[in-house]
Amino acid sequence: MTQFLASIGYGQWILHALILLPLAGVVPILLGEERSAKRMALAVTLLELVLSLGLWWAFDVGNAGMQMVSSAPWIPRWGISYRVGIDGISLFMVLLTTVMMPLSVLASWSSITRRERAFYALMLTLLTGLVGVFISLDLFVFYVFFEIMLIPMYFIIGIWGGANRLYAAIKFFIYTMAGSLLMLVAIVVMAWKIGAATGTLSFSYEHLLANAGRLGSIAPWLFAAFALAFAIKVPIFPLHTWLPDAHVEAPTAGSVLLAAVMLKIGTYGFLRFAVPFFPQVALSPAVSRLVVVLAVIGIIYGALVAMVQPDIKKLVAYSSVSHLGFVMLGIWGMSVISVQGALMVMISHGISTGALFLLIGMIYERRHTRMIEDYGGIARVVPLFSLILTVVALSSIGLPGLNGFVGEFLVLLGSFSAYPWATGIATTGVIFAAAYLLWALQRMIFNRLDNPENERLADLNPRELAVLIPLIIGIVWLGLFPGPVLRRMEPATQRFVEAIRQAPGAVPMEALARPGQGSR
Amino acid sequence: MQLDLTTPQGVSLGLLPEILLSGWALVVLLVASWRHGTAEDSRLSGWLSLAGIAVSGAGLAWLWVNDATPLGLAQMVALDPFRYAAAGLVLLSTAGAILLSLGYLERELLLAPEYYALVLLAASGMMFLAGAEDLIVLFLGLEVMSVAIYVLAGYNRGNAWSSEAALKYFLIGAFASGFLLYGIALVYGATGTTNLSLIGAQLAGGQLSLMAALGLGLLLIGFAFKVAAVPFHMWAPDVYDGAPTPVTAFMATGVKIAAFASLVRVLLEGFPSAGHLWQPIIAGLAIASMIVGNLVALAQPTLKRMLAYSSIAHAGYLLAAVWPGTRLGSGAVLLYLAAYGLTTIASFGFLSALGRHGERTVTYDDIAGLAANRPWMALGLTLCMLSLLGFPGTFGFIGKWYIISALIAQDQMILPVILVVTSVISAGYYLPVIMAMYMKSAPSDELHRDMRLFPAAAGAIAISLAAVLVFGVWPRGALDTAVQSAGTLTQTGMPVARQ
């Protein structure tokens, strides 16, 4: 496989193709007929998936740096070039995106009935934006993709969303934009300051990363701007209020993409930009204490609020706040194990929560309610649905043998020595997760079948099974054989952790100095 | 090519675009006095005026391509790319305003073709203002421009709002001219000259006398009135609101382009050594305009008033670009004027099509469901809003990025932060326009049926939006032009303080 890929020059064109293909797909969709839009979109996203799968083999496992880098000048006067590349961190984000996208299209098959051309065109634009965010290696280009994907999601929520969609759409937009515009100022400041110090004005990631140490006293402010933008995206505890609104009001495809991919942009941003650029700020006692405390609050608070939700979609939305808290804890755990764990949580949260939103969308299409109390005992009516829901819920809880367990276990293991107390408290989050999901499961699919409206529910059809089975395979595969995935992310995470520990002026934390950390 | 501005021949060559345009305006006036009254006549004058803009533009291009520079000191008018770029933008915005007017005047039955002669005269005033190297010429240009615009603002005589707009603009404008004139007098008293470069040379080195400082202050107030910067903005919403929409578009673009070009030239050539005096004032005006303009725009029920307040906010962004007083800053002013001008022409063009019962009353609800009935129009207006918001992929974003870069290059952090925070606020009134069009449904099918975009206006809008997109994605050409044009300006003056 690797040889075949090399023979067709895969590494040279794949990243550009992944960005351009969806955009090219927009044209026939807009020009074509309303009826054929979804087929066209499915074809394009499947082609994108197939193309992107080659990355798995083409990716050089032992290489910690950026791979398949290529660039072309864009605005030379400002030192801006279109520059893309991929490493062990972004590889999985790209694959997660390309996997979730055709499933989201397939899940919208019968639920999107109005303005289909516009919907699928926006979905493809979103795909370009998401892939672009994860592979861009120029801060200007990154910012452009970061903002561009707001527009399709804004329309997807605002046009095809639920009853309160207008409020949710504008809240989502303004929250994200508020953070990203301050990040824009920080990006420009960084480039100009470093340009003045080195004599080269460039927005290239490597250039800024190599010289970020020269920023001096302004670094904390710049870190704050980056961190705010990404913290809103994650979302970290007090900034999370847009999330339940957006996730609940969005149509199924929107919720899936929001949860599975877009939330990861925040944590990806911390891993790629905020922490490596400013390690001494990120690791300073004040900041790390704040982040860890907020992460733990997020874990517990998200779980507790999820527990009392009567609306199953809102329950899953709040569970995201809880899961993403684990990711933040893992990143600040700052050992190879914990950062790998954070990445694993990002991937498995994408798969499990994506699957949960898909299942909720499917049952909502049949019953037109998301209230847990309206269901009950449907395991007897829709056994296939109930089986899959149970498996997915168990994976989200973190049952050993399924994907959710790997990441959370690694995070807790890797962070324990750095933050024993916080990790201890976070562990209870796993228990809460079991509580809210199993309780919801019990009320929905077990108990007594007392609502006559539930008696004639149809079970999953082949199309829906086609959506869910790949995810179930992923859940089991990642749970049983996480090795190949971990191997691919290890060099990059190792480099991430080492670079940060060796950063000049980094405040050495006692825990990091302890022997035995970081070696597996 | 060097022109000797002391000879009549040199001056007339150096002023070729202005002379052609004002001469053409007289021809249009003459034609209008014969062909007067029917819709056909009005259209004839309109197209004739467009031809005049093309002729003047050709003259301008000739000067620019031949790189005309003055022999020795520029006496009355500047001969540098900054003037050419600003004059080019003025001509573009004038052409846009005329294209918007062609159908509009017929619909509103404003069939007096002198309208176009006034537009051309105003444009030639703007070009004088933008290119003035001498405070007297500056004042003349300002007055030629303003008087014509006073009349244009009240062109809809039957409409009380239009008359109110004209009167208000006239009174406030006269007031502003008074400030400016007194400022010129004081500066002359302090330096003994009205030539900007000589003023700059006089004031260089030594401490600024009280008289000169006072003169500078009064000049700034005059300019602040003209560009509608807070706290001298009170007239703007009513005037923008009441004037016929194409005239509003003309005021919001042409007047701003000319006034900002002139402001930059006066500050950089006349007062380069007084940066410590004018920079805080400019910063204060910029901050106040950004905050007040954006916050008050949030509360506007009608689109036209919203756009009026948003134009105050954009004046704030532009003032922020004036602040550095560097080559980058002046380039940012030019680039943002281009981005803002193109987008504003298109926005007001859409508004004039929407407002078939008077644009003053078009509310957010009136465009509900527009996307279903008029998909192209909705798409275009969405693009306008995104560009005004400064969203990546549009020219508006490139403009804002440039302003932020110019400020940060001077180690200024407060202005960029206020700029982006107020831009987020502006999402609160630009997005509801998009929201109404796409996410709400029309109360009745009849609502958008009688809406018509006239072909000429549609052409102007299409060209503007195409440019907004092209320069948004591929800004190299626009950027290089802006930087090169701005470069020639600051080289003539002294480096600004803090540079």
# chains A, B, ... in the order shown; residues from 1 in each chain; ligands from 1
>>> interface_residues(of="chain B", to="chain A", cutoff="10 Å", atoms="only C-alpha atoms", output="number ranges by chain")
B: 372, 386, 391-393, 397, 401-402, 404-413, 416-428, 431-432, 434-436, 438-440, 473-477, 479-480, 483
>>> residues_around(residues="Met234 (chain B)", least_positions_apart="5", cutoff="12 Å", atoms="only C-alpha atoms", output="list in words")
Ala165, Lys168, Tyr169, Ile172, Gly173, Ala224, Phe225, Lys226, Val227, Ala228, Ala229, Val239, Tyr240, Ser289, Val292, Gly293, Val296, Ala308, Tyr309 and Ile312 of chain B
>>> write_last_selection(atoms="N, CA and C atoms", output="PDB file, in the first residue's frame")
ATOM      1  N   ALA B 165     -32.934  66.678   5.723  1.00  0.00           N
ATOM      2  CA  ALA B 165     -31.548  66.219   5.596  1.00  0.00           C
ATOM      3  C   ALA B 165     -30.690  67.316   4.985  1.00  0.00           C
ATOM      4  N   LYS B 168     -30.198  70.258   7.422  1.00  0.00           N
ATOM      5  CA  LYS B 168     -29.314  69.870   8.518  1.00  0.00           C
ATOM      6  C   LYS B 168     -27.875  69.788   8.039  1.00  0.00           C
ATOM      7  N   TYR B 169     -27.703  69.151   6.907  1.00  0.00           N
ATOM      8  CA  TYR B 169     -26.358  68.980   6.373  1.00  0.00           C
ATOM      9  C   TYR B 169     -25.755  70.338   6.051  1.00  0.00           C
ATOM     10  N   ILE B 172     -24.896  72.241   9.458  1.00  0.00           N
ATOM     11  CA  ILE B 172     -23.741  71.644  10.123  1.00  0.00           C
ATOM     12  C   ILE B 172     -22.508  71.773   9.251  1.00  0.00           C
ATOM     13  N   GLY B 173     -22.711  71.609   7.942  1.00  0.00           N
ATOM     14  CA  GLY B 173     -21.587  71.695   7.020  1.00  0.00           C
ATOM     15  C   GLY B 173     -20.984  73.090   7.028  1.00  0.00           C
ATOM     16  N   ALA B 224     -13.325  66.131  11.281  1.00  0.00           N
ATOM     17  CA  ALA B 224     -14.143  65.181  12.036  1.00  0.00           C
ATOM     18  C   ALA B 224     -15.619  65.355  11.698  1.00  0.00           C
ATOM     19  N   PHE B 225     -16.043  66.608  11.516  1.00  0.00           N
ATOM     20  CA  PHE B 225     -17.424  66.837  11.082  1.00  0.00           C
ATOM     21  C   PHE B 225     -17.666  66.172   9.745  1.00  0.00           C
ATOM     22  N   LYS B 226     -16.731  66.383   8.812  1.00  0.00           N
ATOM     23  CA  LYS B 226     -16.966  65.917   7.443  1.00  0.00           C
ATOM     24  C   LYS B 226     -16.990  64.391   7.368  1.00  0.00           C
ATOM     25  N   VAL B 227     -16.148  63.716   8.147  1.00  0.00           N
ATOM     26  CA  VAL B 227     -16.158  62.259   8.064  1.00  0.00           C
ATOM     27  C   VAL B 227     -17.135  61.651   9.066  1.00  0.00           C
ATOM     28  N   ALA B 228     -17.866  62.498   9.784  1.00  0.00           N
ATOM     29  CA  ALA B 228     -18.860  62.031  10.751  1.00  0.00           C
ATOM     30  C   ALA B 228     -18.239  61.156  11.831  1.00  0.00           C
ATOM     31  N   ALA B 229     -17.175  61.681  12.469  1.00  0.00           N
ATOM     32  CA  ALA B 229     -16.579  60.955  13.582  1.00  0.00           C
ATOM     33  C   ALA B 229     -17.227  61.435  14.881  1.00  0.00           C
ATOM     34  N   VAL B 239     -29.112  62.784   8.128  1.00  0.00           N
ATOM     35  CA  VAL B 239     -28.841  63.154   6.741  1.00  0.00           C
ATOM     36  C   VAL B 239     -28.777  61.907   5.871  1.00  0.00           C
ATOM     37  N   TYR B 240     -28.070  60.889   6.328  1.00  0.00           N
ATOM     38  CA  TYR B 240     -27.991  59.644   5.556  1.00  0.00           C
ATOM     39  C   TYR B 240     -29.377  59.044   5.384  1.00  0.00           C
ATOM     40  N   SER B 289     -15.706  56.796  17.902  1.00  0.00           N
ATOM     41  CA  SER B 289     -16.532  56.447  16.742  1.00  0.00           C
ATOM     42  C   SER B 289     -16.790  54.953  16.681  1.00  0.00           C
ATOM     43  N   VAL B 292     -19.282  54.132  19.825  1.00  0.00           N
ATOM     44  CA  VAL B 292     -20.631  54.702  19.713  1.00  0.00           C
ATOM     45  C   VAL B 292     -21.309  54.205  18.441  1.00  0.00           C
ATOM     46  N   GLY B 293     -20.572  54.275  17.305  1.00  0.00           N
ATOM     47  CA  GLY B 293     -21.189  53.861  16.048  1.00  0.00           C
ATOM     48  C   GLY B 293     -21.720  52.445  16.121  1.00  0.00           C
ATOM     49  N   VAL B 296     -24.701  52.059  18.882  1.00  0.00           N
ATOM     50  CA  VAL B 296     -25.984  52.662  18.522  1.00  0.00           C
ATOM     51  C   VAL B 296     -26.584  51.947  17.318  1.00  0.00           C
ATOM     52  N   ALA B 308     -26.287  53.833   8.359  1.00  0.00           N
ATOM     53  CA  ALA B 308     -25.751  55.159   8.683  1.00  0.00           C
ATOM     54  C   ALA B 308     -24.838  55.070   9.900  1.00  0.00           C
ATOM     55  N   TYR B 309     -25.316  54.406  10.931  1.00  0.00           N
ATOM     56  CA  TYR B 309     -24.466  54.294  12.130  1.00  0.00           C
ATOM     57  C   TYR B 309     -23.263  53.406  11.856  1.00  0.00           C
ATOM     58  N   ILE B 312     -20.550  55.378  10.577  1.00  0.00           N
ATOM     59  CA  ILE B 312     -19.806  56.097  11.624  1.00  0.00           C
ATOM     60  C   ILE B 312     -18.749  55.170  12.224  1.00  0.00           C
TER      61      ILE B 312
END
>>> residues_around(residues="region 190-198 of chain B", least_positions_apart="6", cutoff="8 Å", atoms="only C-alpha atoms", output="PyMOL selection string")
chain B and resi 75-76+133-136+184+209+211-212+266+269-270+492-493
>>> closest_residue(among="A:Met40, A:Leu126, A:Ser104, A:Phe92", to="Leu20 (chain A)", atoms="only C-alpha atoms")
A:Leu126
>>> select_by_dssp(residues="region 70-132 of chain A", states="helix (DSSP H, G or I)", output="JSON, numbers by chain")
{"A": [76, 77, 78, 90, 91, 92, 93, 94, 95, 96, 97, 98, 99, 100, 101, 102, 103, 104, 105, 106, 107, 116, 117, 118, 119, 120, 121, 122, 123, 124, 125, 126, 127, 128, 129, 130, 131, 132]}
>>> atom_distance(atom1="CA of Pro235 (chain A)", atom2="CA of Pro484 (chain A)")
29.0 Å
>>> decode(residues="region 307-389 of chain A", atoms="C-alpha atoms", output="PDB file, in the first residue's frame")
ATOM      1  CA  MET A 307     -27.836  14.007  34.860  1.00  0.00           C
ATOM      2  CA  VAL A 308     -30.852  16.261  35.350  1.00  0.00           C
ATOM      3  CA  GLN A 309     -31.661  16.937  31.717  1.00  0.00           C
ATOM      4  CA  PRO A 310     -35.095  15.798  30.605  1.00  0.00           C
ATOM      5  CA  ASP A 311     -34.035  16.245  26.980  1.00  0.00           C
ATOM      6  CA  ILE A 312     -31.748  13.454  25.750  1.00  0.00           C
ATOM      7  CA  LYS A 313     -30.025  15.700  23.202  1.00  0.00           C
ATOM      8  CA  LYS A 314     -29.207  18.235  25.883  1.00  0.00           C
ATOM      9  CA  LEU A 315     -27.915  15.436  28.080  1.00  0.00           C
ATOM     10  CA  VAL A 316     -25.453  14.412  25.396  1.00  0.00           C
ATOM     11  CA  ALA A 317     -24.520  18.049  24.815  1.00  0.00           C
ATOM     12  CA  TYR A 318     -23.595  18.526  28.468  1.00  0.00           C
ATOM     13  CA  SER A 319     -21.738  15.241  28.497  1.00  0.00           C
ATOM     14  CA  SER A 320     -19.441  16.824  25.895  1.00  0.00           C
ATOM     15  CA  VAL A 321     -18.478  19.525  28.387  1.00  0.00           C
ATOM     16  CA  SER A 322     -17.523  16.756  30.762  1.00  0.00           C
ATOM     17  CA  HIS A 323     -15.505  14.740  28.233  1.00  0.00           C
ATOM     18  CA  LEU A 324     -13.640  17.753  26.921  1.00  0.00           C
ATOM     19  CA  GLY A 325     -12.615  18.491  30.494  1.00  0.00           C
ATOM     20  CA  PHE A 326     -10.658  15.237  30.389  1.00  0.00           C
ATOM     21  CA  VAL A 327      -8.898  16.414  27.261  1.00  0.00           C
ATOM     22  CA  MET A 328      -7.844  19.668  28.901  1.00  0.00           C
ATOM     23  CA  LEU A 329      -6.633  17.801  31.966  1.00  0.00           C
ATOM     24  CA  GLY A 330      -4.648  15.458  29.742  1.00  0.00           C
ATOM     25  CA  ILE A 331      -2.986  18.270  27.832  1.00  0.00           C
ATOM     26  CA  TRP A 332      -1.936  19.995  31.039  1.00  0.00           C
ATOM     27  CA  GLY A 333      -0.855  16.686  32.535  1.00  0.00           C
ATOM     28  CA  MET A 334       2.051  17.245  30.155  1.00  0.00           C
ATOM     29  CA  SER A 335       3.350  13.712  30.054  1.00  0.00           C
ATOM     30  CA  VAL A 336       3.447  11.641  26.899  1.00  0.00           C
ATOM     31  CA  ILE A 337       0.830   9.311  28.340  1.00  0.00           C
ATOM     32  CA  SER A 338      -1.586  12.026  29.317  1.00  0.00           C
ATOM     33  CA  VAL A 339      -1.285  13.911  26.024  1.00  0.00           C
ATOM     34  CA  GLN A 340      -1.803  10.691  24.098  1.00  0.00           C
ATOM     35  CA  GLY A 341      -4.773  10.061  26.324  1.00  0.00           C
ATOM     36  CA  ALA A 342      -6.119  13.508  25.533  1.00  0.00           C
ATOM     37  CA  LEU A 343      -5.836  12.770  21.826  1.00  0.00           C
ATOM     38  CA  MET A 344      -7.539   9.418  22.320  1.00  0.00           C
ATOM     39  CA  VAL A 345     -10.380  11.084  24.209  1.00  0.00           C
ATOM     40  CA  MET A 346     -10.717  13.557  21.356  1.00  0.00           C
ATOM     41  CA  ILE A 347     -11.036  10.720  18.856  1.00  0.00           C
ATOM     42  CA  SER A 348     -13.320   8.500  20.872  1.00  0.00           C
ATOM     43  CA  HIS A 349     -15.492  11.355  22.018  1.00  0.00           C
ATOM     44  CA  GLY A 350     -15.877  12.212  18.352  1.00  0.00           C
ATOM     45  CA  ILE A 351     -16.975   8.707  17.501  1.00  0.00           C
ATOM     46  CA  SER A 352     -19.152   7.994  20.537  1.00  0.00           C
ATOM     47  CA  THR A 353     -20.852  11.351  20.846  1.00  0.00           C
ATOM     48  CA  GLY A 354     -21.254  11.528  17.104  1.00  0.00           C
ATOM     49  CA  ALA A 355     -22.974   8.146  17.231  1.00  0.00           C
ATOM     50  CA  LEU A 356     -25.168   9.246  20.141  1.00  0.00           C
ATOM     51  CA  PHE A 357     -26.348  12.326  18.239  1.00  0.00           C
ATOM     52  CA  LEU A 358     -26.984  10.170  15.175  1.00  0.00           C
ATOM     53  CA  LEU A 359     -29.081   7.739  17.218  1.00  0.00           C
ATOM     54  CA  ILE A 360     -31.014  10.557  18.817  1.00  0.00           C
ATOM     55  CA  GLY A 361     -31.640  12.022  15.380  1.00  0.00           C
ATOM     56  CA  MET A 362     -32.945   8.689  14.139  1.00  0.00           C
ATOM     57  CA  ILE A 363     -35.370   8.187  16.980  1.00  0.00           C
ATOM     58  CA  TYR A 364     -36.440  11.815  16.788  1.00  0.00           C
ATOM     59  CA  GLU A 365     -37.358  11.378  13.136  1.00  0.00           C
ATOM     60  CA  ARG A 366     -39.745   8.606  14.174  1.00  0.00           C
ATOM     61  CA  ARG A 367     -41.235  10.027  17.298  1.00  0.00           C
ATOM     62  CA  HIS A 368     -40.609  13.806  17.048  1.00  0.00           C
ATOM     63  CA  THR A 369     -39.692  14.175  20.676  1.00  0.00           C
ATOM     64  CA  ARG A 370     -36.430  14.268  22.494  1.00  0.00           C
ATOM     65  CA  MET A 371     -37.885  14.033  25.980  1.00  0.00           C
ATOM     66  CA  ILE A 372     -36.631  11.003  27.833  1.00  0.00           C
ATOM     67  CA  GLU A 373     -39.942  10.599  29.621  1.00  0.00           C
ATOM     68  CA  ASP A 374     -41.803  10.124  26.337  1.00  0.00           C
ATOM     69  CA  TYR A 375     -39.960   6.905  25.747  1.00  0.00           C
ATOM     70  CA  GLY A 376     -39.698   3.783  27.878  1.00  0.00           C
ATOM     71  CA  GLY A 377     -39.406   0.121  27.183  1.00  0.00           C
ATOM     72  CA  ILE A 378     -38.670   0.569  23.529  1.00  0.00           C
ATOM     73  CA  ALA A 379     -36.070  -2.193  23.612  1.00  0.00           C
ATOM     74  CA  ARG A 380     -38.846  -4.604  22.777  1.00  0.00           C
ATOM     75  CA  VAL A 381     -40.057  -2.534  19.819  1.00  0.00           C
ATOM     76  CA  VAL A 382     -36.734  -1.483  18.348  1.00  0.00           C
ATOM     77  CA  PRO A 383     -34.200  -4.065  19.523  1.00  0.00           C
ATOM     78  CA  LEU A 384     -31.521  -3.189  16.996  1.00  0.00           C
ATOM     79  CA  PHE A 385     -31.669   0.489  17.878  1.00  0.00           C
ATOM     80  CA  SER A 386     -31.552  -0.293  21.568  1.00  0.00           C
ATOM     81  CA  LEU A 387     -28.611  -2.621  21.184  1.00  0.00           C
ATOM     82  CA  ILE A 388     -26.553  -0.070  19.320  1.00  0.00           C
ATOM     83  CA  LEU A 389     -27.569   2.718  21.689  1.00  0.00           C
TER      84      LEU A 389
END
